[in-house]
There are 2 protein chains.
Amino acid sequence: MAEPESVVPYRRATIRDVARLAGVHPSTVSRVLNGDDRRAVASTRQLIRQAVETLGWKPSTLARSLSTGRAHALGFLIPNLRNPAYAAMISGADQAASELDTMVLLAEARDEDRATRHVEQLVGRVDGLVVASAIRNTKMFDLLEAERLPYVLLNRRAQPGLPAVIGDDEAGVSLAVDHLVGLGHRRIAHIRGPVGIDTADRRCAAFEAAMSRNGLDLPPGIVFTAEQSESGGIEGARHLLSLPKGARPTAVFAVNLLVAVGGVAEARAQGLEVPRDVSFVGFDDWPLADRLEVPMTTVRMPSEEMGRAAVALLQEQIDGATLSGDHLVPIQPILVVRSSTSPPP
Amino acid sequence: MAEPESVVPYRRATIRDVARLAGVHPSTVSRVLNGDDRRAVASTRQLIRQAVETLGWKPSTLARSLSTGRAHALGFLIPNLRNPAYAAMISGADQAASELDTMVLLAEARDEDRATRHVEQLVGRVDGLVVASAIRNTKMFDLLEAERLPYVLLNRRAQPGLPAVIGDDEAGVSLAVDHLVGLGHRRIAHIRGPVGIDTADRRCAAFEAAMSRNGLDLPPGIVFTAEQSESGGIEGARHLLSLPKGARPTAVFAVNLLVAVGGVAEARAQGLEVPRDVSFVGFDDWPLADRLEVPMTTVRMPSEEMGRAAVALLQEQIDGATLSGDHLVPIQPILVVRSSTSPPP
DNA sequence: TTGTAAGCGTTATCAA
DNA sequence: TTGATAACGCTTACAA
């Protein structure tokens with residue numbers, strides 16, 4: 001009586017299977033397959049390649065990582081997937097990484113807890129981390145240091161000394177302010193983001209510098225601090241447009257696109273026309289920004305390059321370099337002029 | 001003469017270090033730390049916990065995975081990070097996964113090559129894959145089967161038989177069509193996506209069903225096939241608005257938001273007013289959809305639930321269940337009514 | 001040029 | 001209740 005057909009459970013071919021089939025030792029297989037090609041006689045090489053082929057062998061990332069101590073993967077922490085501004089950075093990082101034969105593992109760190117949890121889970125799986133998240137998270141940095149996990153900040157700086165890749169926000173702000181000044185504006189306001197958020201601080205400082213370079217002064221109340229969201233923009237515009245007639249700005253530069261969108265909405269809600277009565281400029285570009293009720297003039301940063309640079313810098317650190325301080329991406333931002341800006345009334 | 005202070009290279013504590021300090025065998029440590037708490041005497045337990053504490057020991061994910069064959073991680077393939085519609089699905093997946101003590105590894109698969117490459121790189125690092133990407137990629141599926149990697153399709157079906165989590169697009173389409181019919185429209189057109197894209201096919205079939213349910217017919221040319229992008233919408237609107245007077249639609253239902261946006265743009269470019277002259281309804285919701293030149297009426301799917309369901313189903317498969325076919329997420333879509341729809345002229 | 005053997009940090013199966 | 005031992009699949013000195 002025949003045995004019932006027993007299902008042979010699937011097992012991935014291992015390097016030992018390959019060695020057996022090729023009639024050599026596993027270590028020889030390993031050597032040949034890791035490009036130590038010259039250190040094997042042609043016939044052996046042939047035999048091994050043949051065996052790999054027929055068995056469909058693929059190396060186990062896990063085993064390899066455990067043995068070499070290299071994961072050949074990088075983590076990439078973003079604050080919010082709903083913010084398409086990061087897409088380009090990730091795309092750049094992905095390209096750079098794939099050239100290094102490394103994969104990018106993305107994780108969304110919307111709050112401190114999640115950031116810390118993701119870092120904990122990424123330890124061991126990655127060789128380093130790109131931190132694009134803007135949340136201040138001491139716990140996470142402590143963890144990174146404790147785990148000795150190399151990391152690079154992207155589009156933000158934390159304490160001085162931590163390696164960071166940043167774009168030329170100052171140049172971007174200048175582009176925006178000079179554009180408004182060129183149109184004839186003199187009373188230009190700024191809705192800035194929260195104090196302590198690096199990009200907000202830098203853009204605000206750059207705004208003040210650009211204004212003074214243009215010989216324009218900053219009357220009290222002309223710089224307003226708000227959350228970096230549409231409602232922050234609404235709040236900011238409400239304040240700025242309620243300034244006394246002579247102090248009321250004819251143009252507003254916002255810390256980012258969403259804030260500018262909120263500002264435009266509030267201005268229109270007050271019966272003003274944009275840009276006729278008041279102009280707006282944003283920062284960063286989003287899909288649909290050109291299809292808004294008022295297509296938004298905005299600064300576009302070299303995000304893809306920034307992502308690329310972050311990976312390069314991270315790789316240097318992984319390879320043992322001790323880097324610190326800011327690394328400015330030399331590609332210049334550009335101003336995308338749409339319909340939210342015009343000469344002052 | 002004193003030796004020069006030699007820098008002791010950093011080495012993570014291993015389970016052996018813990019065992020040594022606690023004066024027990026590594027296997028005991030492993031047992032205790034894996035919750036087999038009852039199978040160890042209290043004093044030993046105490047000793048071990050103490051040692052773990054002082055050494056700051058954390059298990060090595062890698063070693064653990066190699067030993068157990070479980071990565072405690074899932075891959076999540078999305079087609080495009082610039083499309084914020086996926087953010088909610090990922091968020092749901094992330095929540096569900098974290099309840100399973102599993103991490104979600106995100107990867108962007110913008111084209112076939114990248115999809116295949118990412119899958120290759122994820123093998124071994126993850127226990128399974130959620131494939132939300134809509135690209136038809138036979139190579140990738142062959143690879144998945146060859147690697148015996150469990151996977152679940154999300155928001156798409158490929159061949160029948162492959163396990164898929166989908167939302168109730170049919171109900172969503174009904175919502176859209178009924179809304180238009182309720183406003184008084186009778187000549188309703190559809191700009192559909194490419195044939196073979198599952199969501200496009202389903203939404204189109206549902207459109208035709210909803211129309212016939214409402215006793216409305218579909219004159220030739222009233223369903224137009226286009227790319228799922230703004231330019232597809234432009235092209236579609238150009239065609240539909242050039243139909244002879246009596247056949248020209250008073251309302252257009254588009255396969256997704258971007259297509260609807262393109263349609264609105266084209267209508268306005270032709271001097272029509274939206275929604276006065278022609279109404280538009282989209283599918284899926286995006287940030288800024290309410291700030292467009294014409295705030296868009298659109299269908300919002302229960303994306304978060306869908307992501308959650310995908311992870312649950314995937315986990316079942318990983319645990320050995322053999323699942324197949326469609327799994328409809330029971331949460332109903334809703335219609336977000338904005339200003340792109342009104343009664344026909 | 002190839003093989004031997006140890007090691008990467010765990011877990012799992014026994015036996016004690 | 002604990003310990004010894006052998007995996008897991010690969011790499012890498014070092015020896016032959």
# chains A, B, ... in the order shown; residues from 1 in each chain; ligands from 1
>>> residues_around(residues="stretch 2-10 of chain D", least_positions_apart="6", cutoff="7 Å", atoms="only C-alpha atoms (C1' of nucleotides)", output="PyMOL selection string")
(chain A and resi 14+60+63-64+67) or (chain B and resi 25+28+66-67)
>>> interface_residues(of="chain A", to="chain D", cutoff="12 Å", atoms="only C-alpha atoms (C1' of nucleotides)", output="ChimeraX atom specification")
/A:12-17,26-34,57-70
>>> write_last_selection(atoms="N, CA and C atoms", output="short mmCIF file (atom, residue, chain, number, x, y, z; two decimals), in the first residue's frame")
data_model
loop_
_atom_site.label_atom_id
_atom_site.label_comp_id
_atom_site.auth_asym_id
_atom_site.auth_seq_id
_atom_site.Cartn_x
_atom_site.Cartn_y
_atom_site.Cartn_z
N ARG A 12 13.73 27.11 1.82
CA ARG A 12 14.61 27.89 0.95
C ARG A 12 15.94 27.19 0.83
N ALA A 13 16.51 27.25 -0.35
CA ALA A 13 17.86 26.70 -0.53
C ALA A 13 18.85 27.53 0.29
N THR A 14 19.77 26.85 0.92
CA THR A 14 20.80 27.56 1.68
C THR A 14 22.13 27.43 0.95
N ILE A 15 23.08 28.10 1.48
CA ILE A 15 24.39 28.08 0.86
C ILE A 15 24.98 26.67 0.92
N ARG A 16 24.53 25.92 1.89
CA ARG A 16 25.01 24.54 2.01
C ARG A 16 24.48 23.66 0.88
N ASP A 17 23.20 23.92 0.53
CA ASP A 17 22.63 23.17 -0.59
C ASP A 17 23.42 23.45 -1.85
N PRO A 26 30.87 25.24 1.58
CA PRO A 26 30.08 26.46 1.68
C PRO A 26 30.91 27.74 1.67
N SER A 27 32.02 27.71 2.32
CA SER A 27 32.83 28.93 2.38
C SER A 27 33.32 29.32 0.99
N THR A 28 33.56 28.33 0.17
CA THR A 28 33.97 28.62 -1.20
C THR A 28 32.82 29.30 -1.95
N VAL A 29 31.66 28.79 -1.74
CA VAL A 29 30.50 29.41 -2.36
C VAL A 29 30.40 30.86 -1.93
N SER A 30 30.49 31.07 -0.65
CA SER A 30 30.39 32.42 -0.12
C SER A 30 31.41 33.34 -0.78
N ARG A 31 32.63 32.85 -0.83
CA ARG A 31 33.71 33.67 -1.40
C ARG A 31 33.42 34.03 -2.85
N VAL A 32 33.08 33.03 -3.61
CA VAL A 32 32.83 33.27 -5.03
C VAL A 32 31.67 34.24 -5.22
N LEU A 33 30.62 34.02 -4.43
CA LEU A 33 29.43 34.83 -4.63
C LEU A 33 29.58 36.26 -4.11
N ASN A 34 30.59 36.47 -3.33
CA ASN A 34 30.81 37.83 -2.85
C ASN A 34 31.86 38.54 -3.68
N TRP A 57 18.92 29.86 -5.58
CA TRP A 57 19.38 30.34 -4.28
C TRP A 57 19.45 31.86 -4.22
N LYS A 58 19.01 32.40 -3.11
CA LYS A 58 19.18 33.83 -2.84
C LYS A 58 19.73 33.94 -1.44
N PRO A 59 20.66 34.81 -1.22
CA PRO A 59 21.24 34.93 0.12
C PRO A 59 20.19 35.38 1.12
N SER A 60 20.32 34.96 2.34
CA SER A 60 19.45 35.43 3.41
C SER A 60 19.99 36.72 3.99
N THR A 61 19.22 37.78 3.79
CA THR A 61 19.63 39.08 4.30
C THR A 61 19.93 38.99 5.79
N LEU A 62 19.06 38.28 6.45
CA LEU A 62 19.15 38.17 7.90
C LEU A 62 20.49 37.58 8.33
N ALA A 63 20.77 36.41 7.79
CA ALA A 63 21.98 35.70 8.18
C ALA A 63 23.21 36.53 7.82
N ARG A 64 23.14 37.13 6.66
CA ARG A 64 24.26 37.95 6.22
C ARG A 64 24.47 39.12 7.17
N SER A 65 23.38 39.76 7.53
CA SER A 65 23.48 40.91 8.43
C SER A 65 24.04 40.49 9.78
N LEU A 66 23.55 39.38 10.26
CA LEU A 66 24.00 38.92 11.57
C LEU A 66 25.50 38.66 11.55
N SER A 67 25.93 38.12 10.44
CA SER A 67 27.33 37.76 10.33
C SER A 67 28.23 38.97 10.09
N THR A 68 27.80 39.86 9.25
CA THR A 68 28.66 40.99 8.89
C THR A 68 28.44 42.23 9.76
N GLY A 69 27.30 42.27 10.41
CA GLY A 69 27.02 43.46 11.20
C GLY A 69 26.51 44.62 10.37
N ARG A 70 26.21 44.35 9.12
CA ARG A 70 25.68 45.40 8.26
C ARG A 70 24.31 45.02 7.74
#
>>> closest_atom_pairs(of="chain C", to="chain B", cutoff="6 Å", atoms="only C-alpha atoms (C1' of nucleotides)", output="JSON lines")
{"residue": "C:DG9", "atom": "C1'", "partner": "B:Ala63", "partner_atom": "CA", "distance": 4.8}
{"residue": "C:DT10", "atom": "C1'", "partner": "B:Arg64", "partner_atom": "CA", "distance": 4.7}
{"residue": "C:DT11", "atom": "C1'", "partner": "B:Ser67", "partner_atom": "CA", "distance": 5.6}
>>> write_last_selection(atoms="C-alpha atoms (C1' of nucleotides)", output="PDB file, in the first residue's frame")
ATOM      1  C1'  DG C   9      22.951  36.530  19.038  1.00  0.00           C
ATOM      2  C1'  DT C  10      19.128  34.202  19.529  1.00  0.00           C
ATOM      3  C1'  DT C  11      15.715  30.173  20.387  1.00  0.00           C
TER       4       DT C  11
END
>>> interface_residues(of="chain A", to="chain B", cutoff="6 Å", atoms="only C-alpha atoms", output="number ranges by chain")
A: 81-82, 84, 87, 105-106, 291-293
>>> select_by_dssp(residues="stretch 194-246 of chain B", states="helix (DSSP H, G or I)", output="PyMOL selection string")
chain B and resi 198-213+230-241+245-246
>>> write_last_selection(atoms="N, CA and C atoms", output="short mmCIF file (atom, residue, chain, number, x, y, z; two decimals), in the first residue's frame")
data_model
loop_
_atom_site.label_atom_id
_atom_site.label_comp_id
_atom_site.auth_asym_id
_atom_site.auth_seq_id
_atom_site.Cartn_x
_atom_site.Cartn_y
_atom_site.Cartn_z
N ASP B 198 -7.99 47.90 -11.60
CA ASP B 198 -9.15 47.32 -10.92
C ASP B 198 -10.13 48.37 -10.42
N THR B 199 -9.65 49.37 -9.72
CA THR B 199 -10.58 50.38 -9.19
C THR B 199 -11.31 51.08 -10.33
N ALA B 200 -10.60 51.32 -11.41
CA ALA B 200 -11.24 51.99 -12.56
C ALA B 200 -12.35 51.12 -13.12
N ASP B 201 -12.06 49.84 -13.27
CA ASP B 201 -13.07 48.92 -13.80
C ASP B 201 -14.29 48.87 -12.88
N ARG B 202 -14.02 48.73 -11.60
CA ARG B 202 -15.13 48.59 -10.66
C ARG B 202 -15.97 49.85 -10.58
N ARG B 203 -15.28 50.99 -10.54
CA ARG B 203 -16.05 52.23 -10.43
C ARG B 203 -16.88 52.46 -11.69
N CYS B 204 -16.33 52.08 -12.80
CA CYS B 204 -17.07 52.25 -14.05
C CYS B 204 -18.31 51.34 -14.08
N ALA B 205 -18.12 50.09 -13.72
CA ALA B 205 -19.25 49.16 -13.69
C ALA B 205 -20.31 49.67 -12.71
N ALA B 206 -19.85 50.14 -11.58
CA ALA B 206 -20.79 50.65 -10.58
C ALA B 206 -21.52 51.88 -11.10
N PHE B 207 -20.80 52.69 -11.86
CA PHE B 207 -21.43 53.87 -12.45
C PHE B 207 -22.57 53.45 -13.38
N GLU B 208 -22.26 52.50 -14.24
CA GLU B 208 -23.28 52.06 -15.20
C GLU B 208 -24.47 51.45 -14.46
N ALA B 209 -24.19 50.70 -13.43
CA ALA B 209 -25.28 50.09 -12.65
C ALA B 209 -26.13 51.16 -11.98
N ALA B 210 -25.46 52.14 -11.39
CA ALA B 210 -26.20 53.20 -10.68
C ALA B 210 -27.06 53.99 -11.66
N MET B 211 -26.53 54.23 -12.83
CA MET B 211 -27.29 54.97 -13.84
C MET B 211 -28.53 54.18 -14.23
N SER B 212 -28.34 52.91 -14.48
CA SER B 212 -29.49 52.13 -14.94
C SER B 212 -30.50 51.97 -13.80
N ARG B 213 -30.01 51.85 -12.59
CA ARG B 213 -30.91 51.79 -11.45
C ARG B 213 -31.78 53.05 -11.37
N GLU B 230 -4.47 64.76 -13.71
CA GLU B 230 -5.11 66.01 -14.11
C GLU B 230 -5.26 66.09 -15.62
N SER B 231 -4.20 65.71 -16.33
CA SER B 231 -4.31 65.84 -17.79
C SER B 231 -5.33 64.86 -18.35
N GLY B 232 -5.49 63.71 -17.71
CA GLY B 232 -6.56 62.81 -18.11
C GLY B 232 -7.91 63.48 -17.96
N GLY B 233 -8.08 64.23 -16.88
CA GLY B 233 -9.33 64.94 -16.63
C GLY B 233 -9.58 66.02 -17.67
N ILE B 234 -8.50 66.70 -18.01
CA ILE B 234 -8.60 67.75 -19.02
C ILE B 234 -9.07 67.16 -20.35
N GLU B 235 -8.41 66.09 -20.71
CA GLU B 235 -8.74 65.40 -21.96
C GLU B 235 -10.20 64.93 -21.94
N GLY B 236 -10.58 64.33 -20.83
CA GLY B 236 -11.94 63.83 -20.70
C GLY B 236 -12.97 64.93 -20.84
N ALA B 237 -12.75 66.03 -20.14
CA ALA B 237 -13.70 67.13 -20.18
C ALA B 237 -13.77 67.71 -21.59
N ARG B 238 -12.61 67.81 -22.21
CA ARG B 238 -12.58 68.35 -23.58
C ARG B 238 -13.49 67.52 -24.49
N HIS B 239 -13.37 66.21 -24.35
CA HIS B 239 -14.22 65.33 -25.16
C HIS B 239 -15.70 65.49 -24.80
N LEU B 240 -15.99 65.41 -23.53
CA LEU B 240 -17.40 65.41 -23.10
C LEU B 240 -18.10 66.72 -23.42
N LEU B 241 -17.36 67.83 -23.27
CA LEU B 241 -17.99 69.13 -23.48
C LEU B 241 -18.12 69.46 -24.96
N LYS B 245 -25.02 69.37 -28.50
CA LYS B 245 -25.81 70.02 -27.47
C LYS B 245 -26.69 69.07 -26.65
N GLY B 246 -27.47 68.28 -27.32
CA GLY B 246 -28.43 67.43 -26.61
C GLY B 246 -27.78 66.29 -25.85
#
>>> closest_residue(among="A:Ala164, A:Ile197, A:Val41, A:Ile318", to="C:DT2", atoms="only C-alpha atoms (C1' of nucleotides)")
A:Val41
>>> atom_distance(atom1="atom CA of A:Asp127", atom2="atom CA of A:Ala115")
17.1 Å
>>> atom_distance(atom1="atom CA of A:Pro343", atom2="atom CA of A:His185")
6.7 Å
>>> atom_distance(atom1="atom CA of B:Arg49", atom2="atom C1' of C:DT13")
24.5 Å
>>> select_by_dssp(residues="stretch 37-194 of chain B", states="strand (DSSP E or B)", output="PyMOL selection string")
chain B and resi 73-78+103-108+123+126+128-131+151-154+164-166+188-192
>>> closest_residue(among="A:Val259, A:Ala171, A:Ala134, A:Leu216", to="A:Gln228", atoms="only C-alpha atoms")
A:Val259
>>> decode(residues="chain D", atoms="C-alpha atoms (C1' of nucleotides)", output="PDB file, in the first residue's frame")
ATOM      1  C1'  DT D   1      13.592  24.401  37.285  1.00  0.00           C
ATOM      2  C1'  DT D   2      17.874  24.713  34.855  1.00  0.00           C
ATOM      3  C1'  DG D   3      21.714  23.511  31.685  1.00  0.00           C
ATOM      4  C1'  DA D   4      23.890  21.610  27.530  1.00  0.00           C
ATOM      5  C1'  DT D   5      23.705  21.538  22.728  1.00  0.00           C
ATOM      6  C1'  DA D   6      22.351  22.219  18.322  1.00  0.00           C
ATOM      7  C1'  DA D   7      20.336  24.844  15.131  1.00  0.00           C
ATOM      8  C1'  DC D   8      19.158  29.465  12.106  1.00  0.00           C
ATOM      9  C1'  DG D   9      22.331  30.849   7.257  1.00  0.00           C
ATOM     10  C1'  DC D  10      25.907  33.236   6.448  1.00  0.00           C
ATOM     11  C1'  DT D  11      31.043  35.263   6.639  1.00  0.00           C
ATOM     12  C1'  DT D  12      35.904  35.150   7.588  1.00  0.00           C
ATOM     13  C1'  DA D  13      40.392  34.196   9.496  1.00  0.00           C
ATOM     14  C1'  DC D  14      43.443  30.762   9.128  1.00  0.00           C
ATOM     15  C1'  DA D  15      45.263  26.404   7.799  1.00  0.00           C
ATOM     16  C1'  DA D  16      46.088  23.090   4.306  1.00  0.00           C
TER      17       DA D  16
END
